[in-house]
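The next block holds one structure in the form of structure tokens; read it before the comments.
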Amino acid sequence: MDDRTHVVIVGAGFAGLDCARALAGAPIDVTVIDRNNFNTFQPLLYQVATSGLAASDVSYPVRGLFHDAPNVAFRQGTVHGVDWDTRTLLLHGQDPMPFDRLVVAAGAVTNYFGVEGAERHAFPLYGLTDAIALRNHVLRQFEATEAHPELVDEGALTFVVVGGGPTGVETAGALTELFDMVLTKDFPRLDIALARVVLVEMSDTVLGPFSARARHYAAHQLRQRGISLRLAERVVRVDGTGVELASGERIATRTLVWAAGVRANPLAADLGLPQVGGGRIPVGPDLRVEGHDGVFAVGDVAAIGAGGSDDLLPQLAPVAKQSGTYVGRLLRDEVEEPGVARTRPFRYRDKGTMATIGRRAAVADLPLRLRLTGTPAWVTWLFLHLMFLVGFRNRITVFVNWAWSYLTYDRGPRLIVDGDDGAHRSGDADGHDDGG
Ligand SMILES: Cc1cc2nc3c(=O)[nH]c(=O)nc-3n(C[C@H](O)[C@H](O)[C@H](O)COP(=O)(O)OP(=O)(O)OC[C@H]3O[C@@H](n4cnc5c(N)ncnc54)[C@H](O)[C@@H]3O)c2cc1C
């Protein structure tokens, strides 16, 4: 064993991968640990759930990313604790992993906010298996209704999405497109007009953090596409036959898509690290965890100050990528230029936010107060998502898929691939990836 510094990164999401990329080729040993052997591009999961893309289009094997970086190793495993005395991470069913520097990049998990029945009955959209389970379930409702039309009265074709943020808006929009453009042809004996999407949002607007122009445009587009908006409304109870809203209204449905929020990965607690709101790990200006020498937190799991105020940076992909890169470079400098103190704190460069509602309908709030809606925003959204996808092959297949769907009004994998109904609703650990 040589005396090179060993950096262990927990999590191969946006933050962990960009941290490892910044360390590639440095005189440092790096091990990336993830419970899955692949990276998932979460912003496009809703397209897997709505048969727009295949699971393999939005995921990429981690080992394939570091062929040219012999100093970066990958280990598939689940971290469940740490021994701070010996500085070793504890992994399920494997030998402990020693580290000199630790980067916690374990992301977030679905937050059900204690809503009764939600964890059991709602469909989260956080990992690849969630997206596949939702796709299976949605398609199964149409198959079942064609065989038993009376199921419509039980809400089989009513799809409730909770959460009016980008994920909820994008999912609701994509579901209606799937129904109106594709399933109407797949199920000629079914009256597709009976299929409806209800979007429930707690505040009085969708896309809360966006500009007023983007919010109004999105609400208008959603309504125009037949989506029923329930604003200033909350889901308070869920069971196998429907959801109950705070107003007392009950909606018969078999499908509640949970896009209402996240909290930090509980690994923060398992490692005994400090936590603030939403379970996030507080970090200093250079993303170190106070009181833990050589330990950093990046991405969704970290509570990163927005600078100059008490606000925290949002749990978004660009924050994850930039914070991961920052820590990678910092660790590299530590080894390559020992004794030269790095004083520049982490500074987030906000490149704007976007959401798409459907074909040629999107919103983009960009720097310099550039506000785009409609086709220009949609094209920007398509282009940037293609750019940020992991893996060249995925960019090509996604581009071809999107071009095909645009030109033919057709969709990709409308496959029901599990033998039951929604048995694999949460977590991603087993990776039931059919690639379909
Ligand atoms: C459905 C959805 C849509 C989104 N859309 C957008 C969008 O349009 N734009 C945007 O900017 N952001 C979006 N986001 C947020 C964005 O995806 C996250 O901010 C980003 O993925 C955070 O990156 P991360 O590296 O911190 O965490 P993640 O990408 O979640 O990666 C964490 C990794 O840690 C691994 N892991 C967790 N626990 C363990 C453990 N105990 N042991 C080993 N490995 C572990 C996980 O398997 C995972 O690979 C979306 C998120 C979701 C869920």
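To be explicit about the labels: the chains of the structure tokens are called A, B, and onward in the order shown, and within each one the residues are counted from 1, while ligands get numbers from 1 in the order they are shown.
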
Output the neighbourhood of ligand 1 as a PyMOL selection string, that is, all protein and nucleic acid residues with some atom at most 6 Å from the ligand, counting only C-alpha atoms and all ligand atoms.
-> chain A and resi 10-16+33-36+39+42-43+45+77-80+105-108+125-126+167+267+299-301+315-318+320

Ser59 (chain A): which residues within 12 Å, counting only C-alpha atoms, same-chain residues fewer than 6 positions away excluded, as a PyMOL selection string? chain A and resi 12-14+36-45+48+53+65+127-129+131+389-395+397-398+431+433-436

Taking C-alpha atoms for each residue, export the selection above as a PDB file, in the first residue's frame.
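So the final result, stored in result04.pdb, reads:
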ATOM      1  CA  ALA A  12     -22.264   8.536  -8.091  1.00  0.00           C
ATOM      2  CA  GLY A  13     -24.877  11.189  -8.815  1.00  0.00           C
ATOM      3  CA  PHE A  14     -24.190  14.579 -10.377  1.00  0.00           C
ATOM      4  CA  ASN A  36     -26.173   1.113  -7.961  1.00  0.00           C
ATOM      5  CA  ASN A  37     -23.563   0.438 -10.634  1.00  0.00           C
ATOM      6  CA  PHE A  38     -25.071   3.212 -12.736  1.00  0.00           C
ATOM      7  CA  ASN A  39     -25.700   6.920 -12.657  1.00  0.00           C
ATOM      8  CA  THR A  40     -29.275   8.129 -13.139  1.00  0.00           C
ATOM      9  CA  PHE A  41     -30.146  11.363 -14.902  1.00  0.00           C
ATOM     10  CA  GLN A  42     -33.067  12.264 -12.652  1.00  0.00           C
ATOM     11  CA  PRO A  43     -34.396  15.251 -14.624  1.00  0.00           C
ATOM     12  CA  LEU A  44     -35.549  12.870 -17.387  1.00  0.00           C
ATOM     13  CA  LEU A  45     -37.022  10.143 -15.178  1.00  0.00           C
ATOM     14  CA  VAL A  48     -39.179   6.979 -18.635  1.00  0.00           C
ATOM     15  CA  LEU A  53     -37.508   7.236 -23.164  1.00  0.00           C
ATOM     16  CA  LEU A  65     -16.958   6.696 -17.249  1.00  0.00           C
ATOM     17  CA  GLY A 127     -34.968   6.454  -9.079  1.00  0.00           C
ATOM     18  CA  LEU A 128     -35.022   4.329 -12.176  1.00  0.00           C
ATOM     19  CA  THR A 129     -37.110   1.568 -10.620  1.00  0.00           C
ATOM     20  CA  ALA A 131     -39.995   5.388 -13.081  1.00  0.00           C
ATOM     21  CA  LEU A 389     -26.861  13.766 -20.233  1.00  0.00           C
ATOM     22  CA  VAL A 390     -24.112  11.419 -19.110  1.00  0.00           C
ATOM     23  CA  GLY A 391     -22.542   9.470 -21.974  1.00  0.00           C
ATOM     24  CA  PHE A 392     -22.282  10.233 -25.687  1.00  0.00           C
ATOM     25  CA  ARG A 393     -24.323   7.169 -26.654  1.00  0.00           C
ATOM     26  CA  ASN A 394     -27.190   8.312 -24.435  1.00  0.00           C
ATOM     27  CA  ARG A 395     -27.149  11.751 -26.058  1.00  0.00           C
ATOM     28  CA  THR A 397     -30.263   7.760 -28.520  1.00  0.00           C
ATOM     29  CA  VAL A 398     -32.222  10.441 -26.662  1.00  0.00           C
ATOM     30  CA  GLY A 431     -31.987  -1.936 -10.167  1.00  0.00           C
ATOM     31  CA  ASP A 433     -33.772  -2.099 -15.089  1.00  0.00           C
ATOM     32  CA  ASP A 434     -35.295  -3.729 -18.071  1.00  0.00           C
ATOM     33  CA  GLY A 435     -33.572  -1.324 -20.381  1.00  0.00           C
ATOM     34  CA  GLY A 436     -36.909  -1.044 -22.092  1.00  0.00           C
TER      35      GLY A 436
END

If you run DSSP on this backbone, which residues of region 275-387 of chain A come out as helix (DSSP H, G or I), and could you give them as a ChimeraX atom specification? /A:277-279,299-301,317-336,374-387

As an MDAnalysis selection string, please: all residues of region 119-296 of chain A that backbone DSSP puts in strand (DSSP E or B).
-> chainID A and resid 123:124 158:162 196:200 228:230 235:239 242:245 250:252 255:258 262:264 281:282 288 295:296

Write a file of the just-selected residues containing N, CA and C atoms, as an mmCIF file, in the first residue's frame.
data_model
loop_
_atom_site.group_PDB
_atom_site.id
_atom_site.type_symbol
_atom_site.label_atom_id
_atom_site.label_comp_id
_atom_site.auth_asym_id
_atom_site.auth_seq_id
_atom_site.Cartn_x
_atom_site.Cartn_y
_atom_site.Cartn_z
ATOM 1 N N PHE A 123 -46.830 6.740 -5.784
ATOM 2 C CA PHE A 123 -45.701 6.364 -6.639
ATOM 3 C C PHE A 123 -44.671 7.484 -6.606
ATOM 4 N N PRO A 124 -43.505 7.245 -5.977
ATOM 5 C CA PRO A 124 -42.474 8.271 -6.006
ATOM 6 C C PRO A 124 -41.800 8.275 -7.368
ATOM 7 N N THR A 158 -57.983 7.971 -13.752
ATOM 8 C CA THR A 158 -57.723 9.278 -13.129
ATOM 9 C C THR A 158 -56.331 9.232 -12.519
ATOM 10 N N PHE A 159 -55.496 10.164 -12.925
ATOM 11 C CA PHE A 159 -54.096 10.155 -12.490
ATOM 12 C C PHE A 159 -53.821 11.442 -11.713
ATOM 13 N N VAL A 160 -53.540 11.307 -10.444
ATOM 14 C CA VAL A 160 -53.322 12.489 -9.606
ATOM 15 C C VAL A 160 -51.817 12.672 -9.401
ATOM 16 N N VAL A 161 -51.357 13.882 -9.664
ATOM 17 C CA VAL A 161 -49.945 14.211 -9.440
ATOM 18 C C VAL A 161 -49.907 15.228 -8.311
ATOM 19 N N VAL A 162 -49.122 14.985 -7.299
ATOM 20 C CA VAL A 162 -49.037 15.960 -6.210
ATOM 21 C C VAL A 162 -47.687 16.667 -6.267
ATOM 22 N N ARG A 196 -57.997 11.341 -17.230
ATOM 23 C CA ARG A 196 -57.753 12.728 -16.827
ATOM 24 C C ARG A 196 -56.612 12.806 -15.834
ATOM 25 N N VAL A 197 -55.978 13.967 -15.846
ATOM 26 C CA VAL A 197 -54.849 14.203 -14.942
ATOM 27 C C VAL A 197 -55.212 15.366 -14.029
ATOM 28 N N VAL A 198 -54.996 15.161 -12.730
ATOM 29 C CA VAL A 198 -55.266 16.209 -11.742
ATOM 30 C C VAL A 198 -53.937 16.560 -11.079
ATOM 31 N N LEU A 199 -53.601 17.841 -11.064
ATOM 32 C CA LEU A 199 -52.349 18.275 -10.437
ATOM 33 C C LEU A 199 -52.680 19.053 -9.168
ATOM 34 N N VAL A 200 -52.209 18.548 -8.032
ATOM 35 C CA VAL A 200 -52.512 19.179 -6.739
ATOM 36 C C VAL A 200 -51.271 19.915 -6.233
ATOM 37 N N SER A 228 -56.456 19.210 -14.769
ATOM 38 C CA SER A 228 -57.235 19.914 -13.760
ATOM 39 C C SER A 228 -56.298 20.365 -12.646
ATOM 40 N N LEU A 229 -56.179 21.690 -12.462
ATOM 41 C CA LEU A 229 -55.257 22.212 -11.449
ATOM 42 C C LEU A 229 -56.010 22.419 -10.143
ATOM 43 N N ARG A 230 -55.486 21.855 -9.075
ATOM 44 C CA ARG A 230 -56.056 22.119 -7.746
ATOM 45 C C ARG A 230 -54.986 22.877 -6.968
ATOM 46 N N VAL A 235 -52.972 17.184 -0.380
ATOM 47 C CA VAL A 235 -53.391 15.796 -0.188
ATOM 48 C C VAL A 235 -53.172 15.476 1.288
ATOM 49 N N VAL A 236 -54.212 14.999 1.966
ATOM 50 C CA VAL A 236 -54.050 14.709 3.394
ATOM 51 C C VAL A 236 -54.090 13.208 3.693
ATOM 52 N N ARG A 237 -54.648 12.426 2.781
ATOM 53 C CA ARG A 237 -54.744 10.992 3.030
ATOM 54 C C ARG A 237 -54.768 10.250 1.691
ATOM 55 N N VAL A 238 -54.140 9.091 1.675
ATOM 56 C CA VAL A 238 -54.105 8.286 0.451
ATOM 57 C C VAL A 238 -54.424 6.847 0.837
ATOM 58 N N ASP A 239 -55.227 6.182 0.025
ATOM 59 C CA ASP A 239 -55.373 4.739 0.228
ATOM 60 C C ASP A 239 -55.414 4.072 -1.144
ATOM 61 N N GLY A 242 -58.197 5.903 -3.509
ATOM 62 C CA GLY A 242 -58.308 7.323 -3.815
ATOM 63 C C GLY A 242 -57.472 8.201 -2.902
ATOM 64 N N VAL A 243 -57.600 9.511 -3.138
ATOM 65 C CA VAL A 243 -56.897 10.467 -2.283
ATOM 66 C C VAL A 243 -57.917 11.444 -1.711
ATOM 67 N N GLU A 244 -57.594 11.927 -0.514
ATOM 68 C CA GLU A 244 -58.465 12.890 0.135
ATOM 69 C C GLU A 244 -57.715 14.205 0.220
ATOM 70 N N LEU A 245 -58.393 15.291 -0.143
ATOM 71 C CA LEU A 245 -57.761 16.606 -0.111
ATOM 72 C C LEU A 245 -58.152 17.348 1.173
ATOM 73 N N ARG A 250 -62.807 14.097 -2.175
ATOM 74 C CA ARG A 250 -62.153 12.804 -2.373
ATOM 75 C C ARG A 250 -62.120 12.503 -3.879
ATOM 76 N N ILE A 251 -60.940 12.131 -4.354
ATOM 77 C CA ILE A 251 -60.802 11.800 -5.773
ATOM 78 C C ILE A 251 -60.532 10.308 -5.876
ATOM 79 N N ALA A 252 -61.416 9.617 -6.587
ATOM 80 C CA ALA A 252 -61.196 8.178 -6.782
ATOM 81 C C ALA A 252 -60.052 8.005 -7.777
ATOM 82 N N THR A 255 -53.862 5.955 -8.897
ATOM 83 C CA THR A 255 -52.518 6.444 -9.209
ATOM 84 C C THR A 255 -52.269 7.810 -8.605
ATOM 85 N N LEU A 256 -51.424 7.867 -7.613
ATOM 86 C CA LEU A 256 -50.983 9.151 -7.072
ATOM 87 C C LEU A 256 -49.475 9.233 -7.298
ATOM 88 N N VAL A 257 -49.060 10.168 -8.125
ATOM 89 C CA VAL A 257 -47.624 10.355 -8.379
ATOM 90 C C VAL A 257 -47.114 11.379 -7.376
ATOM 91 N N TRP A 258 -46.097 10.996 -6.603
ATOM 92 C CA TRP A 258 -45.614 11.876 -5.539
ATOM 93 C C TRP A 258 -44.417 12.678 -6.036
ATOM 94 N N VAL A 262 -38.381 16.502 -1.441
ATOM 95 C CA VAL A 262 -37.333 15.569 -1.024
ATOM 96 C C VAL A 262 -36.763 16.001 0.325
ATOM 97 N N ARG A 263 -36.082 15.077 0.958
ATOM 98 C CA ARG A 263 -35.272 15.416 2.135
ATOM 99 C C ARG A 263 -33.926 14.738 1.937
ATOM 100 N N ALA A 264 -32.939 15.208 2.694
ATOM 101 C CA ALA A 264 -31.586 14.674 2.503
ATOM 102 C C ALA A 264 -31.556 13.179 2.786
ATOM 103 N N ILE A 281 -26.734 18.318 5.552
ATOM 104 C CA ILE A 281 -25.513 18.454 6.357
ATOM 105 C C ILE A 281 -24.965 19.879 6.191
ATOM 106 N N PRO A 282 -24.848 20.649 7.288
ATOM 107 C CA PRO A 282 -24.317 22.001 7.143
ATOM 108 C C PRO A 282 -22.828 21.968 6.802
ATOM 109 N N ARG A 288 -16.589 22.008 3.718
ATOM 110 C CA ARG A 288 -16.162 21.052 4.740
ATOM 111 C C ARG A 288 -17.234 20.935 5.808
ATOM 112 N N VAL A 295 -13.607 15.928 5.883
ATOM 113 C CA VAL A 295 -14.905 15.408 5.445
ATOM 114 C C VAL A 295 -15.685 16.550 4.770
ATOM 115 N N PHE A 296 -16.247 16.260 3.592
ATOM 116 C CA PHE A 296 -16.962 17.257 2.805
ATOM 117 C C PHE A 296 -18.360 16.724 2.491
#

| Separation of CA of Glu170 (chain A) from CA of Leu366 (chain A) in Å |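 So the answer is 18.5 Å.
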
**OP:** Quick one: pull the distance between CA of Ala306 (chain A) and CA of Ala214 (chain A), Å, one decimal.
**Re:**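 Going from CA of Ala306 (chain A) over to CA of Ala214 (chain A) covers 23.0 Å.
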
- Query: What is the CA of Ser323 (chain A) to CA of Phe66 (chain A) distance in Å?
  - Reply: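 Spanning CA of Ser323 (chain A) to CA of Phe66 (chain A) is a straight-line distance of 19.8 Å.
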
Got a sec: who's within 10 Å of Arg63 (chain A), counting only C-alpha atoms, leaving out chain neighbours fewer than 4 positions off, as a PyMOL selection string?
chain A and resi 32+37-39+67+72-76
